[in-house]
file entry.cif (mmCIF, C-alpha atoms)
data_run
#
loop_
_atom_site.label_atom_id
_atom_site.label_comp_id
_atom_site.auth_asym_id
_atom_site.auth_seq_id
_atom_site.Cartn_x
_atom_site.Cartn_y
_atom_site.Cartn_z
CA CYS A 1 0.00 0.00 0.00
CA ILE A 2 2.87 2.40 0.73
CA GLY A 3 4.02 2.10 -2.88
CA VAL A 4 0.72 3.50 -4.07
CA VAL A 5 1.57 6.89 -2.57
CA TYR A 6 4.70 7.59 -4.58
CA SER A 7 3.53 5.75 -7.69
CA GLU A 8 0.50 8.04 -7.81
CA ALA A 9 2.77 11.06 -7.39
CA VAL A 10 4.84 9.98 -10.40
CA TRP A 11 1.66 9.25 -12.40
CA ASP A 12 0.28 12.68 -11.56
CA LEU A 13 3.53 14.29 -12.67
CA TYR A 14 3.25 12.57 -16.05
CA LYS A 15 -0.47 12.71 -16.66
CA ARG A 16 -1.53 15.96 -14.99
CA LYS A 17 1.15 18.40 -13.97
CA LEU A 18 3.27 18.28 -17.13
CA GLN A 19 0.34 18.01 -19.56
CA GLN A 20 -1.66 20.84 -18.01
CA GLY A 21 -1.10 24.34 -16.67
CA GLN A 22 1.97 26.32 -17.58
CA PHE A 23 3.83 23.41 -19.18
CA ASN A 24 1.04 21.98 -21.32
CA TYR A 25 3.29 19.34 -22.87
CA ASP A 26 1.91 16.77 -25.27
CA GLU A 27 1.61 13.21 -23.96
CA ASN A 28 4.79 11.91 -25.56
CA THR A 29 7.00 14.75 -24.31
CA ALA A 30 5.60 14.43 -20.78
CA LEU A 31 6.16 10.67 -20.84
CA GLU A 32 9.78 11.00 -21.96
CA ILE A 33 10.53 13.63 -19.31
CA VAL A 34 9.11 11.45 -16.52
CA THR A 35 10.82 8.32 -17.89
CA ARG A 36 14.18 10.11 -17.79
CA LEU A 37 13.57 11.51 -14.29
CA THR A 38 12.51 8.12 -12.95
CA TYR A 39 15.47 6.31 -14.48
CA ILE A 40 17.98 8.77 -13.00
CA ALA A 41 16.27 9.29 -9.66
CA ALA A 42 15.53 5.64 -8.84
CA GLY A 43 19.15 4.77 -8.11
CA ASN A 44 19.51 7.64 -5.61
CA ILE A 45 16.42 6.98 -3.50
CA ASN A 46 16.90 5.38 -0.09
CA THR A 47 13.40 6.00 1.31
CA TRP A 48 10.70 7.67 -0.79
CA PHE A 49 9.35 9.51 2.27
CA THR A 50 9.79 9.49 6.04
CA GLY A 51 7.94 10.93 9.02
CA PRO A 52 4.35 12.13 9.35
CA PRO A 53 2.22 13.35 6.44
CA THR A 54 2.05 16.86 5.02
CA PHE A 55 5.79 17.21 4.30
CA SER A 56 7.64 13.91 4.43
CA GLY A 57 9.98 14.24 1.47
CA CYS A 58 12.75 16.41 2.93
CA GLY A 59 15.27 13.62 3.47
CA SER A 60 18.49 13.87 1.50
CA GLN A 61 17.70 10.58 -0.26
CA SER A 62 13.93 11.01 -0.57
CA GLY A 63 12.00 10.51 -3.77
CA TYR A 64 11.16 14.21 -4.01
CA ARG A 65 14.75 15.39 -3.73
CA ALA A 66 15.96 12.68 -6.13
CA TYR A 67 13.50 13.84 -8.78
CA LEU A 68 14.53 17.47 -8.34
CA GLU A 69 18.20 16.55 -8.67
CA ALA A 70 17.47 14.48 -11.78
CA ASP A 71 15.63 17.45 -13.30
CA ASP A 72 18.33 19.99 -12.44
CA ASP A 73 20.26 21.36 -15.40
CA ASP A 74 23.19 23.00 -13.60
CA GLY A 75 23.83 21.15 -10.33
CA ASP A 76 22.29 23.86 -8.13
CA LEU A 77 18.79 23.33 -6.70
CA THR A 78 18.74 26.76 -5.08
CA ASN A 79 18.20 28.42 -8.46
CA GLY A 80 15.38 26.09 -9.49
CA THR A 81 15.05 23.37 -12.12
CA PRO A 82 13.27 23.28 -15.49
CA HIS A 83 10.16 21.44 -14.18
CA MET A 84 10.42 22.13 -10.46
CA SER A 85 6.88 23.42 -9.88
CA ALA A 86 5.35 20.38 -11.58
CA ILE A 87 7.44 17.99 -9.48
CA PHE A 88 6.56 19.86 -6.28
CA GLU A 89 2.83 19.89 -7.03
CA ALA A 90 2.75 16.18 -7.92
CA PHE A 91 4.56 15.13 -4.74
CA ASN A 92 2.87 17.73 -2.54
CA ASP A 93 -0.59 16.52 -3.59
CA HIS A 94 0.34 13.23 -1.90
CA GLU A 95 2.08 14.92 1.06
CA ILE A 96 5.56 13.61 0.22
CA ALA A 97 7.22 16.85 -0.91
CA CYS A 98 9.23 19.32 1.21
CA PRO A 99 8.04 22.77 2.33
CA THR A 100 9.01 25.65 0.11
CA TYR A 101 10.84 27.47 2.90
CA GLN A 102 13.35 24.60 2.91
CA ILE A 103 13.57 24.11 -0.85
CA PRO A 104 12.22 27.19 -2.69
CA VAL A 105 10.19 26.22 -5.76
CA PHE A 106 10.58 28.01 -9.06
CA ASP A 107 11.15 26.94 -12.64
CA SER A 108 14.36 28.00 -14.30
CA GLY A 109 17.00 26.75 -16.69
CA CYS A 110 17.00 25.60 -20.32
CA PRO A 111 17.57 29.02 -21.94
CA ASN A 112 16.40 29.36 -25.55
CA ASN A 113 14.69 25.98 -25.43
CA PRO A 114 13.11 24.51 -28.60
CA GLN A 115 9.48 25.62 -28.83
CA THR A 116 8.06 23.88 -31.91
CA GLN A 117 7.60 20.23 -32.76
CA PRO A 118 9.41 18.63 -35.71
CA GLU A 119 7.32 17.25 -38.56
CA ILE A 120 8.38 13.66 -39.07
CA THR A 121 8.28 11.53 -42.22
CA ALA A 122 8.70 7.74 -41.98
CA THR A 123 9.46 5.81 -45.17
CA PRO A 124 9.39 1.99 -45.20
CA VAL A 125 12.26 0.05 -46.76
CA ASN A 126 13.21 -3.61 -46.74
CA MET A 127 13.60 -4.62 -43.06
CA GLY A 128 13.93 -1.00 -42.00
CA VAL A 129 12.58 2.53 -41.83
CA GLN A 130 14.07 5.79 -43.04
CA LEU A 131 13.14 8.80 -40.90
CA SER A 132 13.44 12.48 -41.68
CA TRP A 133 12.08 15.59 -39.96
CA THR A 134 12.00 19.34 -40.16
CA THR A 135 14.57 21.49 -38.37
CA VAL A 136 13.52 22.99 -35.03
CA SER A 137 15.10 26.29 -33.98
CA ASN A 138 17.37 26.19 -30.90
CA SER A 139 17.69 22.39 -31.03
CA VAL A 140 21.12 21.11 -30.08
CA GLU A 141 20.25 17.52 -30.98
CA TYR A 142 17.30 15.20 -31.59
CA GLU A 143 16.35 11.99 -29.82
CA VAL A 144 14.82 9.24 -31.98
CA LEU A 145 12.54 6.78 -30.16
CA ARG A 146 10.60 3.69 -31.26
CA SER A 147 7.76 1.63 -29.80
CA GLU A 148 5.65 -1.35 -30.86
CA GLY A 149 2.27 -2.81 -29.92
CA VAL A 150 -1.33 -1.76 -29.47
CA MET A 151 -0.44 1.24 -27.27
CA GLN A 152 1.51 2.71 -30.17
CA CYS A 153 3.46 5.73 -28.84
CA SER A 154 1.53 5.92 -25.55
CA GLN A 155 4.00 3.73 -23.68
CA GLY A 156 7.67 3.35 -22.93
CA LYS A 157 9.91 3.56 -25.97
CA VAL A 158 13.36 2.46 -27.03
CA LEU A 159 15.84 5.31 -27.46
CA LEU A 160 17.40 4.42 -30.80
CA GLY A 161 19.91 7.23 -30.82
CA LYS A 162 20.69 10.94 -30.82
CA THR A 163 21.70 13.02 -33.78
CA THR A 164 22.35 16.63 -34.70
CA GLY A 165 21.04 16.02 -38.22
CA ASN A 166 17.55 15.58 -39.67
CA THR A 167 17.63 11.93 -40.75
CA PHE A 168 17.91 8.53 -39.13
CA GLU A 169 17.72 4.96 -40.44
CA ASP A 170 16.42 2.09 -38.32
CA SER A 171 17.42 -1.37 -39.60
CA GLY A 172 17.05 -5.01 -38.66
CA LEU A 173 13.25 -4.81 -38.43
CA GLN A 174 10.58 -7.33 -39.38
CA ASN A 175 8.77 -6.80 -42.66
CA GLY A 176 5.00 -6.59 -42.26
CA ARG A 177 5.18 -5.50 -38.60
CA GLU A 178 4.05 -2.02 -37.57
CA TYR A 179 6.48 0.27 -35.74
CA TYR A 180 5.94 3.70 -34.19
CA TYR A 181 8.38 6.60 -33.97
CA ILE A 182 8.73 10.03 -32.41
CA VAL A 183 11.51 12.60 -32.60
CA VAL A 184 12.19 14.88 -29.62
CA PRO A 185 14.22 18.09 -30.01
CA LYS A 186 16.59 18.75 -27.09
CA GLY A 187 18.08 22.00 -25.83
CA VAL A 188 21.41 22.79 -24.20
CA ASN A 189 21.06 20.08 -21.54
CA ASP A 190 19.51 16.60 -21.32
CA ALA A 191 16.88 18.09 -19.00
CA CYS A 192 15.76 20.51 -21.72
CA TYR A 193 12.92 19.15 -23.86
CA GLY A 194 11.13 20.69 -26.78
CA PRO A 195 7.75 19.32 -27.93
CA SER A 196 8.00 15.91 -29.57
CA SER A 197 6.83 15.11 -33.07
CA ASP A 198 3.53 13.39 -33.69
CA CYS A 199 3.61 9.60 -33.56
CA ALA A 200 4.54 8.14 -36.98
CA ALA A 201 3.36 4.61 -37.82
CA VAL A 202 5.15 2.63 -40.53
CA VAL A 203 5.35 -0.97 -41.78
CA PRO A 204 8.65 -2.12 -43.33
CA SER A 205 8.24 -4.10 -46.56
CA ALA A 206 10.42 -5.79 -49.12
CA GLN A 207 11.59 -3.34 -51.74
CA PRO A 208 13.33 -3.81 -55.09
CA TYR A 209 17.06 -3.30 -54.89
CA PHE A 210 17.20 -1.53 -58.25
CA THR A 211 15.20 0.68 -60.61
CA VAL A 212 14.68 0.05 -64.33
CA ASP A 213 14.20 2.95 -66.75
CA CYS A 214 12.74 2.00 -70.14
CA SER A 215 11.43 5.37 -71.29
CA ASP A 216 10.18 6.13 -74.82
CA SER A 217 13.45 7.86 -75.59
CA SER A 218 15.22 4.54 -75.12
CA VAL A 219 13.72 2.89 -78.24
CA ILE A 220 16.58 1.61 -80.38
CA ASP A 221 14.72 -0.54 -82.94
CA PHE A 222 11.18 -0.37 -84.30
CA ASP A 223 10.30 -2.97 -86.98
CA VAL A 224 6.81 -2.59 -88.50
CA ASN A 225 7.47 -5.27 -91.11
CA ARG A 226 7.78 -7.99 -88.52
CA VAL A 227 4.58 -9.83 -87.57
CA PRO A 228 3.79 -8.98 -84.97
CA ALA A 229 5.54 -5.63 -84.97
CA SER A 230 8.36 -5.41 -82.44
CA VAL A 231 10.00 -2.68 -80.40
CA SER A 232 13.42 -3.00 -78.88
CA ARG A 233 14.44 -0.71 -76.03
CA GLN A 234 17.65 -0.04 -74.23
CA CYS A 235 16.89 0.05 -70.50
CA VAL A 236 18.99 1.47 -67.69
CA VAL A 237 19.20 -0.56 -64.46
CA THR A 238 20.29 1.47 -61.43
CA PRO A 239 20.99 -0.38 -58.15
CA TYR A 240 20.24 1.36 -54.85
CA ASP A 241 23.23 2.54 -52.86
CA GLY A 242 25.42 2.34 -55.95
#
call {"tool": "encode", "arguments": {"input": "entry.cif", "output": "structure tokens"}}
result
Amino acid sequence: CIGVVYSEAVWDLYKRKLQQGQFNYDENTALEIVTRLTYIAAGNINTWFTGPPTFSGCGSQSGYRAYLEADDDDGDLTNGTPHMSAIFEAFNDHEIACPTYQIPVFDSGCPNNPQTQPEITATPVNMGVQLSWTTVSNSVEYEVLRSEGVMQCSQGKVLLGKTTGNTFEDSGLQNGREYYYIVVPKGVNDACYGPSSDCAAVVPSAQPYFTVDCSDSSVIDFDVNRVPASVSRQCVVTPYDG
């Protein structure tokens, strides 16, 4: 039963505090922020909360402090963190935060953060997917993530990689199986998230490994006296990737 308290705090952070109010993140961005915070914070938590209700998250290894430290973008909690107010509200709603006179709460950090979502294009190839997306101002890099299954992008995803460019190729996939992708622009620090792209669904399929061009201009012999008449063409075969 004790685990319900902090699990609900984390759920509220993802589903309510980050997707509403001043942050108003889309579902995928909120999910990736909370996934990152949970992954980093979990290893530093000794006891999620101690003492009586109201404010029981002041311990140096409490869940509340671990989440704040995971969110911090410069190693100094006294000047705030990018999502500090959302973390405080989520934990405080369940009485496992720390009073603001001990840890002042204000959002700061992530200067010149990306503000627009990239528009993603997913193209199927044989046993793979080629991804491309539009450039987002102030992005230092992009995270590329993939998921599978009936929940599509509304679940945990695999971080395929990070890139400063606008393309990414995912290989080794199963033809005929549906995959889902998002691209998240990042700012000057790993804690700095711009809005993610929409979820792109794509099904890899077998593709020809070459193109054949037999245009009308390639006719090299036209014999009307032959029965039936015949046309000979010179075709150009071009393999992919040279």
call {"tool": "resolve_selection", "arguments": {"input": "entry.cif", "expression": "the PyMOL selection byres ((chain A and resi 147) around 9)", "output": "list in words"}}
result
Leu145, Arg146, Glu148, Gly149, Met151, Gln152, Cys153, Ser154, Gln155, Gly156, Lys157, Val158, Tyr179, Tyr180, Tyr181 and Ile182 of chain A
call {"tool": "resolve_selection", "arguments": {"input": "entry.cif", "expression": "the PyMOL selection byres ((chain A and resi 123) around 9)", "output": "JSON, numbers by chain"}}
result
{"A": [121, 122, 124, 125, 128, 129, 130, 131, 132, 202, 203, 204]}
call {"tool": "resolve_selection", "arguments": {"input": "entry.cif", "expression": "the PyMOL selection byres ((chain A and resi 189-198) around 9)", "output": "MDAnalysis selection string"}}
result
chainID A and resid 25:30 32:33 36:37 70:74 81:83 109:111 113:120 133 136 139:140 181:188 199:200
call {"tool": "atom_distance", "arguments": {"input": "entry.cif", "atom1": "atom CA of A:Ala9", "atom2": "atom CA of A:Asn44"}}
result
17.2 Å
call {"tool": "atom_distance", "arguments": {"input": "entry.cif", "atom1": "atom CA of A:Leu18", "atom2": "atom CA of A:Met84"}}
result
10.5 Å
call {"tool": "residues_around", "arguments": {"input": "entry.cif", "residues": "stretch 52-58 of chain A", "least_positions_apart": "3", "cutoff": "6 Å", "atoms": "only C-alpha atoms", "output": "list in words"}}
result
Phe49, Ser62, Tyr64, Glu95, Ile96, Ala97 and Cys98 of chain A
call {"tool": "closest_residue", "arguments": {"input": "entry.cif", "among": "A:Ala90, A:Arg65, A:Leu31, A:Val5", "to": "A:Lys17", "atoms": "all atoms listed in the file"}}
result
A:Ala90
call {"tool": "closest_residue", "arguments": {"input": "entry.cif", "among": "A:Ala86, A:Gly51, A:Arg177, A:Pro239", "to": "A:Asn24", "atoms": "only C-alpha atoms"}}
result
A:Ala86
call {"tool": "atom_distance", "arguments": {"input": "entry.cif", "atom1": "atom CA of A:Val4", "atom2": "atom CA of A:Ile45"}}
result
16.1 Å
